[in-house]
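Undergrad: Dropping in upload.pdb, which is PDB, C-alpha atoms:
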MODEL        1
ATOM      1  CA  MET A   1     -12.420  -3.714 -16.819
ATOM      2  CA  LYS A   2     -10.539  -3.924 -13.494
ATOM      3  CA  ARG A   3      -7.399  -5.062 -15.298
ATOM      4  CA  TRP A   4      -7.652  -2.134 -17.737
ATOM      5  CA  ARG A   5      -8.162   0.360 -14.887
ATOM      6  CA  ARG A   6      -5.187  -1.075 -12.995
ATOM      7  CA  ARG A   7      -2.966  -0.667 -16.059
ATOM      8  CA  TYR A   8      -4.255   2.869 -16.535
ATOM      9  CA  TYR A   9      -3.322   3.856 -12.989
ATOM     10  CA  ASP A  10       0.034   2.070 -13.195
ATOM     11  CA  PHE A  11       0.831   4.245 -16.233
ATOM     12  CA  PHE A  12      -0.711   7.385 -14.701
ATOM     13  CA  SER A  13       1.484   6.983 -11.611
ATOM     14  CA  TYR A  14       4.476   8.273 -13.604
ATOM     15  CA  PHE A  15       2.821  11.701 -13.932
ATOM     16  CA  TYR A  16       0.332  11.817 -11.057
ATOM     17  CA  ASP A  17       2.303  13.875  -8.531
ATOM     18  CA  GLN A  18       3.441  16.430 -11.120
ATOM     19  CA  ILE A  19      -0.107  16.941 -12.398
ATOM     20  CA  ILE A  20      -1.484  17.380  -8.878
ATOM     21  CA  ALA A  21       1.281  19.861  -8.019
ATOM     22  CA  LEU A  22       0.569  21.964 -11.108
ATOM     23  CA  HIS A  23      -3.162  21.876 -10.593
ATOM     24  CA  SER A  24      -3.502  22.375  -6.851
ATOM     25  CA  ARG A  25      -0.904  25.022  -5.936
ATOM     26  CA  ASP A  26      -0.718  23.483  -2.438
ATOM     27  CA  ARG A  27      -4.498  23.242  -2.052
ATOM     28  CA  SER A  28      -4.135  19.453  -1.914
ATOM     29  CA  ALA A  29      -1.783  19.739   1.074
ATOM     30  CA  LEU A  30      -4.318  21.936   2.869
ATOM     31  CA  LEU A  31      -7.078  19.422   2.124
ATOM     32  CA  ARG A  32      -4.984  16.555   3.498
ATOM     33  CA  ARG A  33      -4.375  18.406   6.752
ATOM     34  CA  PHE A  34      -8.069  19.324   6.929
ATOM     35  CA  LEU A  35      -9.046  15.670   6.450
ATOM     36  CA  LEU A  36      -6.648  14.429   9.123
ATOM     37  CA  GLU A  37      -7.607  17.135  11.592
ATOM     38  CA  LYS A  38     -11.350  16.492  11.262
ATOM     39  CA  THR A  39     -10.978  12.714  11.570
ATOM     40  CA  GLY A  40      -8.984  13.162  14.779
ATOM     41  CA  VAL A  41      -5.635  11.721  13.677
ATOM     42  CA  ARG A  42      -3.053  12.094  16.461
ATOM     43  CA  LYS A  43      -0.213  10.271  18.180
ATOM     44  CA  GLY A  44      -1.004   6.583  18.510
ATOM     45  CA  THR A  45      -3.763   6.583  15.859
ATOM     46  CA  TYR A  46      -4.230   3.456  13.753
ATOM     47  CA  LEU A  47      -5.009   4.868  10.283
ATOM     48  CA  LEU A  48      -6.017   3.079   7.085
ATOM     49  CA  ASP A  49      -5.925   5.137   3.853
ATOM     50  CA  LEU A  50      -7.874   3.582   0.978
ATOM     51  CA  CYS A  51      -7.151   4.253  -2.703
ATOM     52  CA  THR A  52      -3.968   5.811  -1.365
ATOM     53  CA  GLY A  53      -2.414   6.432  -4.803
ATOM     54  CA  THR A  54       1.116   7.736  -4.318
ATOM     55  CA  GLY A  55       0.475   8.020  -0.589
ATOM     56  CA  ALA A  56      -0.256  11.717  -0.121
ATOM     57  CA  VAL A  57      -2.656  11.316   2.820
ATOM     58  CA  ALA A  58      -0.724   8.481   4.464
ATOM     59  CA  LEU A  59       2.578  10.362   4.209
ATOM     60  CA  THR A  60       1.048  13.508   5.668
ATOM     61  CA  ALA A  61      -0.407  11.434   8.519
ATOM     62  CA  ALA A  62       3.048  10.026   9.265
ATOM     63  CA  ARG A  63       4.067  13.486  10.476
ATOM     64  CA  PHE A  64       1.378  13.342  13.172
ATOM     65  CA  VAL A  65       1.171   9.660  14.129
ATOM     66  CA  SER A  66       3.846   8.540  16.590
ATOM     67  CA  GLU A  67       5.784   5.283  16.419
ATOM     68  CA  ASN A  68       3.205   3.502  18.598
ATOM     69  CA  GLY A  69       0.557   4.279  15.975
ATOM     70  CA  LEU A  70       0.090   2.578  12.618
ATOM     71  CA  ILE A  71      -0.453   3.829   9.058
ATOM     72  CA  ILE A  72      -1.413   1.567   6.154
ATOM     73  CA  GLY A  73      -2.059   2.719   2.593
ATOM     74  CA  VAL A  74      -4.010   0.404   0.269
ATOM     75  CA  ASP A  75      -4.262   0.627  -3.513
ATOM     76  CA  PHE A  76      -4.823  -1.786  -6.406
ATOM     77  CA  SER A  77      -2.140  -0.093  -8.556
ATOM     78  CA  GLU A  78       1.364  -1.431  -8.071
ATOM     79  CA  GLY A  79       2.763   1.587  -9.912
ATOM     80  CA  MET A  80       1.138   4.020  -7.482
ATOM     81  CA  LEU A  81       2.372   2.083  -4.453
ATOM     82  CA  LYS A  82       5.959   1.931  -5.742
ATOM     83  CA  ARG A  83       6.013   5.725  -5.860
ATOM     84  CA  ALA A  84       4.477   5.943  -2.420
ATOM     85  CA  GLN A  85       7.225   3.681  -1.075
ATOM     86  CA  ARG A  86       9.946   5.830  -2.621
ATOM     87  CA  LYS A  87       8.520   8.991  -1.080
ATOM     88  CA  ALA A  88       8.173   7.278   2.304
ATOM     89  CA  ARG A  89      11.890   6.497   2.593
ATOM     90  CA  SER A  90      12.788  10.039   3.616
ATOM     91  CA  LEU A  91      10.309   9.929   6.516
ATOM     92  CA  GLY A  92      11.645   6.777   8.100
ATOM     93  CA  HIS A  93       8.399   6.042   9.932
ATOM     94  CA  PRO A  94       8.761   2.479  11.313
ATOM     95  CA  ARG A  95       5.034   1.643  11.155
ATOM     96  CA  LEU A  96       4.070   2.956   7.735
ATOM     97  CA  PHE A  97       3.111   0.159   5.341
ATOM     98  CA  TRP A  98       1.656  -0.291   1.844
ATOM     99  CA  ILE A  99      -0.668  -3.078   0.720
ATOM    100  CA  LEU A 100      -1.549  -4.018  -2.847
ATOM    101  CA  ALA A 101      -5.216  -5.028  -2.687
ATOM    102  CA  HIS A 102      -8.735  -4.223  -3.840
ATOM    103  CA  VAL A 103     -10.471  -1.974  -1.321
ATOM    104  CA  GLY A 104     -13.546  -4.212  -1.361
ATOM    105  CA  GLU A 105     -11.493  -7.191  -0.145
ATOM    106  CA  LEU A 106      -9.172  -5.930   2.587
ATOM    107  CA  PRO A 107      -6.661  -8.478   3.956
ATOM    108  CA  LEU A 108      -6.882  -6.863   7.394
ATOM    109  CA  ALA A 109      -8.273  -7.865  10.768
ATOM    110  CA  SER A 110     -11.650  -6.620  11.956
ATOM    111  CA  HIS A 111     -11.923  -3.752  14.477
ATOM    112  CA  THR A 112      -8.305  -2.632  13.985
ATOM    113  CA  PHE A 113      -8.369   1.031  12.924
ATOM    114  CA  ASP A 114      -9.339   4.260  14.672
ATOM    115  CA  VAL A 115      -9.627   6.127  11.366
ATOM    116  CA  VAL A 116     -10.195   5.105   7.741
ATOM    117  CA  THR A 117      -9.763   7.723   5.008
ATOM    118  CA  CYS A 118     -10.485   7.854   1.282
ATOM    119  CA  SER A 119      -9.799  10.991  -0.736
ATOM    120  CA  HIS A 120     -11.425  11.786  -4.105
ATOM    121  CA  ALA A 121     -11.686   8.154  -5.164
ATOM    122  CA  MET A 122     -14.832   6.478  -3.823
ATOM    123  CA  TYR A 123     -17.046   7.850  -6.613
ATOM    124  CA  GLU A 124     -14.950   6.007  -9.216
ATOM    125  CA  LEU A 125     -15.920   2.589  -7.860
ATOM    126  CA  ASP A 126     -18.808   0.748  -9.486
ATOM    127  CA  PRO A 127     -21.838   0.246  -7.183
ATOM    128  CA  PRO A 128     -21.065  -3.384  -6.150
ATOM    129  CA  SER A 129     -17.419  -2.502  -5.404
ATOM    130  CA  ARG A 130     -18.464   0.587  -3.466
ATOM    131  CA  GLU A 131     -20.924  -1.370  -1.319
ATOM    132  CA  ALA A 132     -18.276  -4.032  -0.662
ATOM    133  CA  THR A 133     -15.807  -1.304   0.285
ATOM    134  CA  LEU A 134     -18.223   0.367   2.704
ATOM    135  CA  ARG A 135     -18.861  -3.008   4.364
ATOM    136  CA  GLU A 136     -15.126  -3.547   4.687
ATOM    137  CA  ILE A 137     -14.604  -0.074   6.179
ATOM    138  CA  LYS A 138     -17.289  -0.793   8.758
ATOM    139  CA  ARG A 139     -15.651  -4.138   9.532
ATOM    140  CA  VAL A 140     -12.091  -2.906  10.054
ATOM    141  CA  LEU A 141     -13.024   0.176  12.108
ATOM    142  CA  LYS A 142     -12.926  -0.064  15.877
ATOM    143  CA  PRO A 143     -16.233   0.658  17.650
ATOM    144  CA  GLY A 144     -16.541   4.437  17.671
ATOM    145  CA  GLY A 145     -14.029   4.775  14.842
ATOM    146  CA  VAL A 146     -14.329   7.366  12.069
ATOM    147  CA  PHE A 147     -14.456   7.083   8.287
ATOM    148  CA  GLY A 148     -13.456  10.311   6.534
ATOM    149  CA  MET A 149     -14.276  10.569   2.822
ATOM    150  CA  MET A 150     -13.253  13.611   0.809
ATOM    151  CA  GLU A 151     -14.995  14.316  -2.504
ATOM    152  CA  HIS A 152     -15.420  17.199  -4.950
ATOM    153  CA  CYS A 153     -18.342  19.605  -4.617
ATOM    154  CA  GLU A 154     -20.391  20.611  -7.632
ATOM    155  CA  PRO A 155     -18.362  23.452  -9.240
ATOM    156  CA  GLN A 156     -19.781  26.972  -9.381
ATOM    157  CA  ASN A 157     -18.035  27.961 -12.609
ATOM    158  CA  PRO A 158     -20.445  27.107 -15.480
ATOM    159  CA  PHE A 159     -17.782  25.598 -17.738
ATOM    160  CA  ILE A 160     -16.207  23.537 -14.944
ATOM    161  CA  ARG A 161     -19.679  22.467 -13.837
ATOM    162  CA  LEU A 162     -20.370  21.227 -17.372
ATOM    163  CA  LEU A 163     -17.184  19.145 -17.255
ATOM    164  CA  TYR A 164     -18.243  17.859 -13.839
ATOM    165  CA  TYR A 165     -21.603  16.680 -15.197
ATOM    166  CA  LEU A 166     -19.933  15.077 -18.201
ATOM    167  CA  ARG A 167     -17.722  13.163 -15.782
ATOM    168  CA  LEU A 168     -20.792  12.035 -13.850
ATOM    169  CA  LEU A 169     -22.307  10.787 -17.105
ATOM    170  CA  SER A 170     -19.107   8.857 -17.805
ATOM    171  CA  PHE A 171     -19.752   6.820 -14.652
ATOM    172  CA  GLY A 172     -22.542   5.097 -16.574
ATOM    173  CA  SER A 173     -24.577   3.947 -13.600
ATOM    174  CA  ARG A 174     -27.362   6.245 -12.417
ATOM    175  CA  GLU A 175     -26.560   5.079  -8.880
ATOM    176  CA  ASN A 176     -22.977   6.299  -9.257
ATOM    177  CA  ARG A 177     -24.213   9.731 -10.330
ATOM    178  CA  SER A 178     -26.621   9.803  -7.412
ATOM    179  CA  PHE A 179     -23.814   8.874  -5.030
ATOM    180  CA  ALA A 180     -21.572  11.667  -6.329
ATOM    181  CA  ARG A 181     -24.313  14.254  -5.729
ATOM    182  CA  ASP A 182     -25.126  13.152  -2.165
ATOM    183  CA  GLU A 183     -23.228  10.345  -0.471
ATOM    184  CA  ARG A 184     -25.021  10.559   2.877
ATOM    185  CA  PRO A 185     -27.910   8.123   2.195
ATOM    186  CA  TYR A 186     -25.406   5.467   1.098
ATOM    187  CA  LEU A 187     -23.132   5.940   4.105
ATOM    188  CA  LYS A 188     -26.072   5.834   6.514
ATOM    189  CA  ARG A 189     -26.662   2.214   5.513
ATOM    190  CA  TYR A 190     -23.469   1.304   7.356
ATOM    191  CA  PHE A 191     -22.685   4.009   9.897
ATOM    192  CA  SER A 192     -24.502   5.324  12.949
ATOM    193  CA  SER A 193     -24.102   8.990  12.014
ATOM    194  CA  VAL A 194     -22.920  10.918   8.967
ATOM    195  CA  GLU A 195     -21.852  14.569   8.900
ATOM    196  CA  ARG A 196     -21.048  16.663   5.830
ATOM    197  CA  ILE A 197     -18.495  19.491   6.163
ATOM    198  CA  LEU A 198     -17.293  21.857   3.440
ATOM    199  CA  SER A 199     -13.556  22.317   3.063
ATOM    200  CA  PRO A 200     -12.093  25.799   3.714
ATOM    201  CA  SER A 201     -11.937  26.380  -0.060
ATOM    202  CA  GLY A 202     -15.534  25.257  -0.548
ATOM    203  CA  ASN A 203     -14.475  23.098  -3.507
ATOM    204  CA  SER A 204     -14.466  19.801  -1.637
ATOM    205  CA  LYS A 205     -16.716  18.157   0.929
ATOM    206  CA  LEU A 206     -15.753  15.925   3.796
ATOM    207  CA  LEU A 207     -18.124  13.169   4.884
ATOM    208  CA  LEU A 208     -17.500  12.060   8.476
ATOM    209  CA  ALA A 209     -19.126   8.711   9.239
ATOM    210  CA  HIS A 210     -18.996   7.162  12.722
ATOM    211  CA  ALA A 211     -18.956   3.430  13.346
TER     212      ALA A 211
ENDMDL
END
Show me this structure written as structure tokens.

TA:
Amino acid sequence: MKRWRRRYYDFFSYFYDQIIALHSRDRSALLRRFLLEKTGVRKGTYLLDLCTGTGAVALTAARFVSENGLIIGVDFSEGMLKRAQRKARSLGHPRLFWILAHVGELPLASHTFDVVTCSHAMYELDPPSREATLREIKRVLKPGGVFGMMEHCEPQNPFIRLLYYLRLLSFGSRENRSFARDERPYLKRYFSSVERILSPSGNSKLLLAHA
């Protein structure tokens, strides 16, 4: 299954940015800035972006994090990371790196990062992978560090809400569906405090978890 999903995302990487641009009309850029602002990203921040895809969050963070900071994007899709690397060339940030790895097995030192982010991806992990990933996030965060997880809210439009529920059913596991509806009980297993904040559009929710 993991091999099939990796191939799917490698193929999807050819169209991913164009689809997001057509769909979001810059809403994605606003969400990225919202995520980075609420997690406290600034000059000197050590940031880890999980399931980074083509690097949207990491590349936005590079405009705020100075050269004495650090930005690492992790993804299991080589195709996604190749596109992230190409987009990063124009920025020229000397401490922006990409790692090909599974987010549940991070090849990174413990207590390294001030901020870990994951945007609209955590709900796609199966329960064992998600638990492993949350343990890894807890491990690599510095004491007092912040994990910021952005996810979709339940849509208000009846037709879109139907599609949303069909997607939840496609997850298979009842635990995955439960996680998508309310992530807080799962995050509280690993973090000292968890706060839920609606995005300015109201279509996404930000979970802020403190190590």

Undergrad: Decode the PyMOL selection byres ((chain A and resi 136) around 8) for the given file into explicit residues and return them as a list in words.

TA: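 When the PyMOL selection byres ((chain A and resi 136) around 8) is applied, the selected residues are Val103, Gly104, Glu105, Leu106, Ala132, Thr133, Leu134, Arg135, Ile137, Lys138, Arg139 and Val140 of chain A.
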
Undergrad: Near A:Cys51, within 9 Å and counting only C-alpha atoms, which residues show up once chain neighbours fewer than 2 positions away are dropped, as a list in words?

TA: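 These residues fall inside the cut-off: Asp49, Gly53, Gly55, Gly73, Val74, Asp75, Phe76, Ser77, His102, Val103, Thr117, Cys118, Ser119, His120, Ala121 and Met122 of chain A.
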
Undergrad: From (-21.8, 13.5, 5.4), in the file's coordinates, out to 12 Å: which residues are reached, counting all atoms listed in the file? Answer as a PDB file with C-alpha atoms, in the coordinates of the input.

TA:
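What landed in selection.pdb:
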ATOM      1  CA  VAL A 146     -14.329   7.366  12.069  1.00  0.00           C
ATOM      2  CA  PHE A 147     -14.456   7.083   8.287  1.00  0.00           C
ATOM      3  CA  GLY A 148     -13.456  10.311   6.534  1.00  0.00           C
ATOM      4  CA  MET A 149     -14.276  10.569   2.822  1.00  0.00           C
ATOM      5  CA  MET A 150     -13.253  13.611   0.809  1.00  0.00           C
ATOM      6  CA  GLU A 151     -14.995  14.316  -2.504  1.00  0.00           C
ATOM      7  CA  PHE A 179     -23.814   8.874  -5.030  1.00  0.00           C
ATOM      8  CA  ALA A 180     -21.572  11.667  -6.329  1.00  0.00           C
ATOM      9  CA  ARG A 181     -24.313  14.254  -5.729  1.00  0.00           C
ATOM     10  CA  ASP A 182     -25.126  13.152  -2.165  1.00  0.00           C
ATOM     11  CA  GLU A 183     -23.228  10.345  -0.471  1.00  0.00           C
ATOM     12  CA  ARG A 184     -25.021  10.559   2.877  1.00  0.00           C
ATOM     13  CA  PRO A 185     -27.910   8.123   2.195  1.00  0.00           C
ATOM     14  CA  TYR A 186     -25.406   5.467   1.098  1.00  0.00           C
ATOM     15  CA  LEU A 187     -23.132   5.940   4.105  1.00  0.00           C
ATOM     16  CA  LYS A 188     -26.072   5.834   6.514  1.00  0.00           C
ATOM     17  CA  PHE A 191     -22.685   4.009   9.897  1.00  0.00           C
ATOM     18  CA  SER A 192     -24.502   5.324  12.949  1.00  0.00           C
ATOM     19  CA  SER A 193     -24.102   8.990  12.014  1.00  0.00           C
ATOM     20  CA  VAL A 194     -22.920  10.918   8.967  1.00  0.00           C
ATOM     21  CA  GLU A 195     -21.852  14.569   8.900  1.00  0.00           C
ATOM     22  CA  ARG A 196     -21.048  16.663   5.830  1.00  0.00           C
ATOM     23  CA  ILE A 197     -18.495  19.491   6.163  1.00  0.00           C
ATOM     24  CA  LEU A 198     -17.293  21.857   3.440  1.00  0.00           C
ATOM     25  CA  SER A 204     -14.466  19.801  -1.637  1.00  0.00           C
ATOM     26  CA  LYS A 205     -16.716  18.157   0.929  1.00  0.00           C
ATOM     27  CA  LEU A 206     -15.753  15.925   3.796  1.00  0.00           C
ATOM     28  CA  LEU A 207     -18.124  13.169   4.884  1.00  0.00           C
ATOM     29  CA  LEU A 208     -17.500  12.060   8.476  1.00  0.00           C
ATOM     30  CA  ALA A 209     -19.126   8.711   9.239  1.00  0.00           C
ATOM     31  CA  HIS A 210     -18.996   7.162  12.722  1.00  0.00           C
TER      32      HIS A 210
END

Undergrad: Applied to this file, what does the PyMOL selection byres ((chain A and resi 60-62) around 8) return in terms of residues, put as a JSON list (two decimals) with C-alpha atoms, keeping the file's coordinate frame?

TA:
[["chain", "number", "residue", "atom", "x", "y", "z"],
["A", 32, "ARG", "CA", -4.98, 16.56, 3.50],
["A", 33, "ARG", "CA", -4.38, 18.41, 6.75],
["A", 36, "LEU", "CA", -6.65, 14.43, 9.12],
["A", 41, "VAL", "CA", -5.64, 11.72, 13.68],
["A", 56, "ALA", "CA", -0.26, 11.72, -0.12],
["A", 57, "VAL", "CA", -2.66, 11.32, 2.82],
["A", 58, "ALA", "CA", -0.72, 8.48, 4.46],
["A", 59, "LEU", "CA", 2.58, 10.36, 4.21],
["A", 63, "ARG", "CA", 4.07, 13.49, 10.48],
["A", 64, "PHE", "CA", 1.38, 13.34, 13.17],
["A", 65, "VAL", "CA", 1.17, 9.66, 14.13],
["A", 66, "SER", "CA", 3.85, 8.54, 16.59],
["A", 71, "ILE", "CA", -0.45, 3.83, 9.06],
["A", 91, "LEU", "CA", 10.31, 9.93, 6.52],
["A", 93, "HIS", "CA", 8.40, 6.04, 9.93],
["A", 96, "LEU", "CA", 4.07, 2.96, 7.74]]

Undergrad: Residues proximal to (0.1, 4.2, 9.8) were defined as those with any atom within 6 Å of that point in the file's coordinates, counting all atoms listed in the file. Which are they, as a PyMOL selection string?

TA: chain A and resi 46-47+70-72+95-96

Undergrad: Go through A:Tyr123, A:Lys142, A:Leu50, A:Phe97 and flag the residue nearest A:Arg174, using all atoms listed in the file for the distances.

TA: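 So, comparing all the options, the nearest one is A:Tyr123.
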
Undergrad: Just give me the gap between atom CA of A:Thr112 and atom CA of A:Asn176 in Å, one decimal is fine.

TA: 28.9 Å

Undergrad: Smallest atom-to-atom distance to A:Thr52: which of A:Trp98, A:Glu67, A:Lys87, A:Thr39, using all atoms listed in the file?

TA: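 Nearest candidate to A:Thr52 out of A:Trp98, A:Glu67, A:Lys87, A:Thr39: A:Trp98.
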
Undergrad: Measure the distance from atom CA of A:Ala109 to atom CA of A:Leu48 in Å and round it to one decimal.

TA: 11.8 Å

Undergrad: Only C-alpha atoms, please: stretch 64-108 of chain A from the block, as a short mmCIF file (atom, residue, chain, number, x, y, z; two decimals), in the first residue's frame.

TA:
data_model
loop_
_atom_site.label_atom_id
_atom_site.label_comp_id
_atom_site.auth_asym_id
_atom_site.auth_seq_id
_atom_site.Cartn_x
_atom_site.Cartn_y
_atom_site.Cartn_z
CA PHE A 64 10.66 34.81 7.43
CA VAL A 65 13.43 32.61 8.82
CA SER A 66 16.89 34.20 8.72
CA GLU A 67 20.10 32.45 7.73
CA ASN A 68 20.80 31.45 11.34
CA GLY A 69 17.52 29.52 11.37
CA LEU A 70 16.82 26.18 9.73
CA ILE A 71 14.01 24.84 7.52
CA ILE A 72 13.60 21.16 6.63
CA GLY A 73 10.80 19.71 4.52
CA VAL A 74 10.12 15.96 4.74
CA ASP A 75 8.06 13.85 2.35
CA PHE A 76 7.99 10.22 1.20
CA SER A 77 7.43 11.22 -2.46
CA GLU A 78 10.58 11.83 -4.45
CA GLY A 79 8.53 13.49 -7.19
CA MET A 80 7.10 16.05 -4.77
CA LEU A 81 10.52 16.84 -3.31
CA LYS A 82 12.11 17.33 -6.75
CA ARG A 83 9.56 20.04 -7.48
CA ALA A 84 10.12 21.61 -4.09
CA GLN A 85 13.85 21.76 -4.81
CA ARG A 86 13.29 23.45 -8.16
CA LYS A 87 11.07 26.10 -6.61
CA ALA A 88 13.59 26.67 -3.80
CA ARG A 89 16.40 27.66 -6.17
CA SER A 90 15.05 31.16 -6.70
CA LEU A 91 15.03 31.82 -2.95
CA GLY A 92 18.64 30.94 -2.34
CA HIS A 93 18.10 30.25 1.36
CA PRO A 94 21.32 28.58 2.60
CA ARG A 95 19.64 26.49 5.32
CA LEU A 96 16.61 25.12 3.51
CA PHE A 97 16.80 21.35 3.04
CA TRP A 98 14.62 18.47 1.82
CA ILE A 99 14.60 14.93 3.19
CA LEU A 100 13.05 11.87 1.58
CA ALA A 101 11.66 9.86 4.50
CA HIS A 102 8.54 8.47 6.14
CA VAL A 103 7.20 10.91 8.73
CA GLY A 104 6.88 8.11 11.28
CA GLU A 105 10.63 7.41 11.10
CA LEU A 106 12.41 10.76 11.05
CA PRO A 107 16.21 10.63 10.57
CA LEU A 108 16.61 13.70 12.78
#
